[in-house]
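Before any comments, here is the structure.
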Amino acid sequence: MTSADRRLSIWDISARDGSGRDGSGRAGGPAVPAAMPSDGPRPAHLTILYRGPLASCDYDCPYCPFAKRRDSPERLRTDREALERFTGWVAERDFPISVLFTPWGEGLVRSWYRRAMVRLSHLGHVPRVAIQTNLSSRLSWLAEADLGTLALWVTYHPGQVDYDRFIGKCRDLVALGVRFSVGVVGLPEHLEAARRLRGDLPDEVYLWVNAAEGRSYTDAEAAGWTAVDPLFGLSRHPHSSRGLPCRTGESVVSVDGDGRVRRCHFVTEVIGNLYDGSALRALRPRPCPLAVCDCHIGYVHLEPLGLYDTFAGGVLERIPAVRWAASALEPPLAVTPGNEAAPGGTVIP
Ligand code: SF4
Ligand code: SF4
C-alpha cells in the first residue's frame, strides 16, 4: 500500500488526463455495462476504496507497523476469498464503479490482487481501477490489463529499494504506457532522494509528497518540499472538515473484506453491507463528523477543497489534471465555509 501514504494515519484503519478523455481515461465516457442487473439502488457512479484483511509487506520501512509483517496462510486465504467476492460483486453491477485498493501492506506481490486489477480493468462499467503499491512486484502482469482503465499509486521508500532499480521500474511503466503517480513521505532524510527522483522522472509523471505523520514543517522546510511537489501545501496541514460536505457516504465508500461499508477509512460507523444491498440503500449526502481530515485518500473527496477539479481524471491515482510544474498549478485552497464548492452533478473521479 504504502501505508506510508501517510497520516493515513498510517496506522489507523484507516485511498485523466487532459487528453479530452472522460474521467475513465477512455474516450466517450464510462460505458454502462453489459453486466447483470443489480437489485436495489443504482448510483450514477460509485467509487469504492477497498481494504481487505491483508496486513503484510515485503518492505521494512521504519515508519510502518506492517514492515516485514507476515500474514498466516489462513489470513491470506481469507484475503483472497474476500477479494474474489468483491471483484465478483463489482463485475455483476450495472452501474459505473471505480475502485482504489488501499491494502495494509503490499497487495501486488499477491497473485489475487494482480488478477483483480486485470479483471476489473476489462469491465466496461469500471472507468478506473487503481492500487497503492510500493512497486516491488514484477510488472509483466500489466500486459494483460486494459491500460485505459488501470492506474497505479506508487510510493518510493528510500532505504528499502535500490534507487536505480526503482527508477528503472518507473521507466518501464512509462514505456508500457501505465498511468501512475509516484510519491514519498516527507521526512528530512528523504529530501535528497525525492529531488533526485523528481529530476529523473519524466515531467509528465507527477511526484507527490505526503507530510510525515506527526511532523510539522517550518516555512523553509515546506518550501523545500514544495519545490519537489507544488501541491505539498495540501498535505502540510490537516484540513478542518467537521460539518463540511464530503462525497464519502454518498458517491464514495470504504469497503472491508466482509463487505462492511463505511463512508471512508477514517469514520468507523458502518452504514451497511455491500453484499446485502443495505449499503447502497444508505447512500446519501453526509457532512463530515470528524474535526480534521489529514489523508489524501480522504480529503480529496472533501467538496470545499475542489480537488476533483485539481485531480480531474486522476482522483484515485493522485494525478493532477494539469502538468505538475509549479507554474501550472493553482495554490491549494484553504477549507473555510466561505469557499465551499457548489454542489454539482455526478462526478467521475
Ligand atoms: S512499503 Fe510496506 S513497510 Fe513500507 S510503508 Fe508501505 S506497507 Fe509499510
Ligand atoms: S472529510 Fe470525508 S474522508 Fe475525511 S474524515 Fe471526513 S468524511 Fe472521512
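Residue numbering restarts at 1 for every chain of the C-alpha cells, chains are lettered A, B, ... in their displayed order, and ligands are numbered from 1 as they appear.
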Within 7 Å of ligand 1: each chain A residue with its shortest pair, only C-alpha atoms and all ligand atoms, as a tab-separated table:
```
residue	atom	partner	partner_atom_place_in_ligand_line	distance
A:Met1	CA	ligand 1	6 (Fe)	5.1
A:Thr2	CA	ligand 1	6 (Fe)	3.0
A:Ser3	CA	ligand 1	6 (Fe)	4.4
A:Ala4	CA	ligand 1	5 (S)	4.1
A:Cys57	CA	ligand 1	2 (Fe)	4.6
A:Asp58	CA	ligand 1	2 (Fe)	6.2
A:Tyr59	CA	ligand 1	3 (S)	4.4
A:Asp60	CA	ligand 1	3 (S)	4.6
A:Cys61	CA	ligand 1	4 (Fe)	4.2
A:Tyr63	CA	ligand 1	5 (S)	6.6
A:Cys64	CA	ligand 1	8 (Fe)	4.4
A:Pro65	CA	ligand 1	8 (Fe)	6.4
A:Phe66	CA	ligand 1	8 (Fe)	5.0
A:Ala67	CA	ligand 1	3 (S)	3.7
A:Lys68	CA	ligand 1	3 (S)	6.4
A:Trp104	CA	ligand 1	7 (S)	5.9
A:Gly105	CA	ligand 1	7 (S)	3.5
A:Glu106	CA	ligand 1	7 (S)	5.7
A:Asn134	CA	ligand 1	1 (S)	5.2
A:His157	CA	ligand 1	4 (Fe)	6.5
```
Distance limit 9 Å, reference ligand 2, atoms considered: only C-alpha atoms and all ligand atoms. Which residues make the cut? Give them as a CSV table (one decimal) with C-alpha atoms, in the first residue's frame.
```csv
chain,number,residue,atom,x,y,z
A,239,HIS,CA,-7.9,20.0,6.8
A,240,SER,CA,-10.7,21.2,9.1
A,241,SER,CA,-13.6,19.1,8.0
A,242,ARG,CA,-16.3,18.9,10.6
A,243,GLY,CA,-19.7,19.7,9.2
A,244,LEU,CA,-18.4,20.2,5.7
A,245,PRO,CA,-19.8,18.4,2.7
A,246,CYS,CA,-17.8,15.3,1.7
A,247,ARG,CA,-18.6,12.9,-1.1
A,248,THR,CA,-18.0,9.9,1.1
A,249,GLY,CA,-21.1,8.1,2.2
A,252,VAL,CA,-17.6,7.2,-2.4
A,263,ARG,CA,-18.2,6.3,4.4
A,264,CYS,CA,-14.4,6.5,4.5
A,265,HIS,CA,-11.5,4.8,6.1
A,266,PHE,CA,-11.5,7.2,9.0
A,267,VAL,CA,-15.1,7.3,10.2
A,286,ARG,CA,-23.4,13.4,4.8
A,287,PRO,CA,-21.4,16.2,6.5
A,288,CYS,CA,-18.0,15.1,7.9
A,289,PRO,CA,-18.3,14.2,11.6
A,290,LEU,CA,-14.6,14.5,12.3
A,291,ALA,CA,-12.7,17.6,13.3
A,292,VAL,CA,-10.0,17.1,10.7
A,293,CYS,CA,-9.1,15.0,7.6
A,294,ASP,CA,-5.4,14.6,7.1
A,295,CYS,CA,-5.1,11.9,4.5
A,296,HIS,CA,-5.2,12.4,0.7
A,297,ILE,CA,-7.5,9.4,0.1
A,298,GLY,CA,-10.0,11.1,2.4
A,299,TYR,CA,-9.8,14.9,1.9
A,300,VAL,CA,-9.6,14.5,-1.9
A,301,HIS,CA,-13.4,13.9,-1.6
A,302,LEU,CA,-14.0,16.9,0.7
A,303,GLU,CA,-16.0,19.1,-1.5
```
Residues within 8 Å of Val255 in chain A, please, as an MDAnalysis selection string. Count only C-alpha atoms; anything in the same chain fewer than 6 positions from it doesn't count. chainID A and resid 48:52 261:262 274
Would you save the residues of that selection, restricted to C-alpha atoms, as an mmCIF file, in the first residue's frame?
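Saved file again-v9.cif follows:
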```cif
data_model
loop_
_atom_site.group_PDB
_atom_site.id
_atom_site.type_symbol
_atom_site.label_atom_id
_atom_site.label_comp_id
_atom_site.auth_asym_id
_atom_site.auth_seq_id
_atom_site.Cartn_x
_atom_site.Cartn_y
_atom_site.Cartn_z
ATOM 1 C CA ILE A 48 -15.013 2.223 -3.696
ATOM 2 C CA LEU A 49 -11.905 2.197 -1.531
ATOM 3 C CA TYR A 50 -11.350 -1.472 -0.764
ATOM 4 C CA ARG A 51 -9.198 -2.780 2.063
ATOM 5 C CA GLY A 52 -9.307 -6.477 2.898
ATOM 6 C CA VAL A 261 -19.282 -0.330 4.289
ATOM 7 C CA ARG A 262 -18.144 2.832 5.996
ATOM 8 C CA LEU A 274 -22.191 -4.226 0.229
#
```
Nearest candidate to Leu197 in chain A (options A:Ala175, A:Val209, A:Ile167, A:Leu139; using only C-alpha atoms):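 Using only C-alpha atoms, Leu197 in chain A sits closest to A:Ile167.
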List the spatial neighbours of range 180-191 of chain A as a PDB file with C-alpha atoms, in the first residue's frame - criterion: any atom at most 6 Å away, only C-alpha atoms, same-chain residues fewer than 2 positions off excluded.
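File produced: part_0.pdb:
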```
ATOM      1  CA  ALA A 151      -3.596   3.032 -12.795  1.00  0.00           C
ATOM      2  CA  LEU A 152      -1.023   2.818 -10.002  1.00  0.00           C
ATOM      3  CA  TRP A 153      -0.402   4.946  -6.914  1.00  0.00           C
ATOM      4  CA  VAL A 154       3.266   4.204  -6.321  1.00  0.00           C
ATOM      5  CA  THR A 155       5.228   5.099  -3.192  1.00  0.00           C
ATOM      6  CA  TYR A 156       9.016   5.247  -3.193  1.00  0.00           C
ATOM      7  CA  ALA A 193      16.217  11.166  -2.843  1.00  0.00           C
ATOM      8  CA  ALA A 194      12.967  12.950  -3.682  1.00  0.00           C
ATOM      9  CA  TYR A 206       3.587  13.570 -11.004  1.00  0.00           C
ATOM     10  CA  LEU A 207       5.670  13.184  -7.858  1.00  0.00           C
ATOM     11  CA  TRP A 208       3.672  13.841  -4.698  1.00  0.00           C
ATOM     12  CA  VAL A 209       4.946  14.332  -1.162  1.00  0.00           C
ATOM     13  CA  ASN A 210       2.998  13.361   1.925  1.00  0.00           C
ATOM     14  CA  ALA A 211       3.651  15.277   5.104  1.00  0.00           C
ATOM     15  CA  ALA A 212       5.025  12.792   7.611  1.00  0.00           C
ATOM     16  CA  ILE A 319      -2.589  12.540 -10.824  1.00  0.00           C
TER      17      ILE A 319
END
```
One-decimal distance in Å that lies between CA of Leu280 in chain A and CA of Val90 in chain A: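 Taking CA of Val90 in chain A and CA of Leu280 in chain A, their separation equals 12.8 Å.
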Can you work out the spacing between CA of Ala312 in chain A and CA of Asp203 in chain A in Å, to one decimal?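 Atom-to-atom, CA of Ala312 in chain A to CA of Asp203 in chain A, that is 18.2 Å.
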Would you work out the distance separating CA of Glu250 in chain A from CA of Arg114 in chain A, expressed in Å to one decimal? 28.3 Å
Picked from range 137-213 of chain A by DSSP as strand (DSSP E or B), as a list of chain:residue names: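 Result set for range 137-213 of chain A (strand (DSSP E or B)): A:Leu150, A:Ala151, A:Leu152, A:Trp153, A:Val154, A:Thr155, A:Pro158, A:Val161, A:Arg179, A:Phe180, A:Ser181, A:Val182, A:Gly183, A:Val184, A:Val185, A:Gly186, A:Leu207, A:Trp208, A:Val209, A:Asn210, A:Ala211.
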Residues of the last selection are to be written out with C-alpha atoms, as a PDB file, in the first residue's frame.
```pdb
ATOM      1  CA  LEU A 150      -5.780   0.623 -14.763  1.00  0.00           C
ATOM      2  CA  ALA A 151      -3.596   3.032 -12.795  1.00  0.00           C
ATOM      3  CA  LEU A 152      -1.023   2.818 -10.002  1.00  0.00           C
ATOM      4  CA  TRP A 153      -0.402   4.946  -6.914  1.00  0.00           C
ATOM      5  CA  VAL A 154       3.266   4.204  -6.321  1.00  0.00           C
ATOM      6  CA  THR A 155       5.228   5.099  -3.192  1.00  0.00           C
ATOM      7  CA  PRO A 158      14.274   5.246   0.101  1.00  0.00           C
ATOM      8  CA  VAL A 161      14.859  -0.424  -2.635  1.00  0.00           C
ATOM      9  CA  ARG A 179      -0.837   5.663 -15.713  1.00  0.00           C
ATOM     10  CA  PHE A 180       0.845   6.224 -12.381  1.00  0.00           C
ATOM     11  CA  SER A 181       1.893   8.747  -9.798  1.00  0.00           C
ATOM     12  CA  VAL A 182       4.924   8.393  -7.535  1.00  0.00           C
ATOM     13  CA  GLY A 183       5.302   9.747  -4.046  1.00  0.00           C
ATOM     14  CA  VAL A 184       7.471   9.888  -0.976  1.00  0.00           C
ATOM     15  CA  VAL A 185       6.919  10.535   2.712  1.00  0.00           C
ATOM     16  CA  GLY A 186       8.240  13.981   3.578  1.00  0.00           C
ATOM     17  CA  LEU A 207       5.670  13.184  -7.858  1.00  0.00           C
ATOM     18  CA  TRP A 208       3.672  13.841  -4.698  1.00  0.00           C
ATOM     19  CA  VAL A 209       4.946  14.332  -1.162  1.00  0.00           C
ATOM     20  CA  ASN A 210       2.998  13.361   1.925  1.00  0.00           C
ATOM     21  CA  ALA A 211       3.651  15.277   5.104  1.00  0.00           C
TER      22      ALA A 211
END
```
Would you list the contacts of range 214-220 of chain A as an MDAnalysis selection string, taking every protein, DNA or RNA residue within 8 Å and counting only C-alpha atoms, but skipping same-chain residues closer than 2 positions in sequence? chainID A and resid 7 211:212 222:224 236:237
Surrounding residues of Arg110 in chain A excluding itself and chain neighbours under 2 positions, 10 Å, only C-alpha atoms, as a PyMOL selection string: chain A and resi 54+76+80+106-108+112-115+137
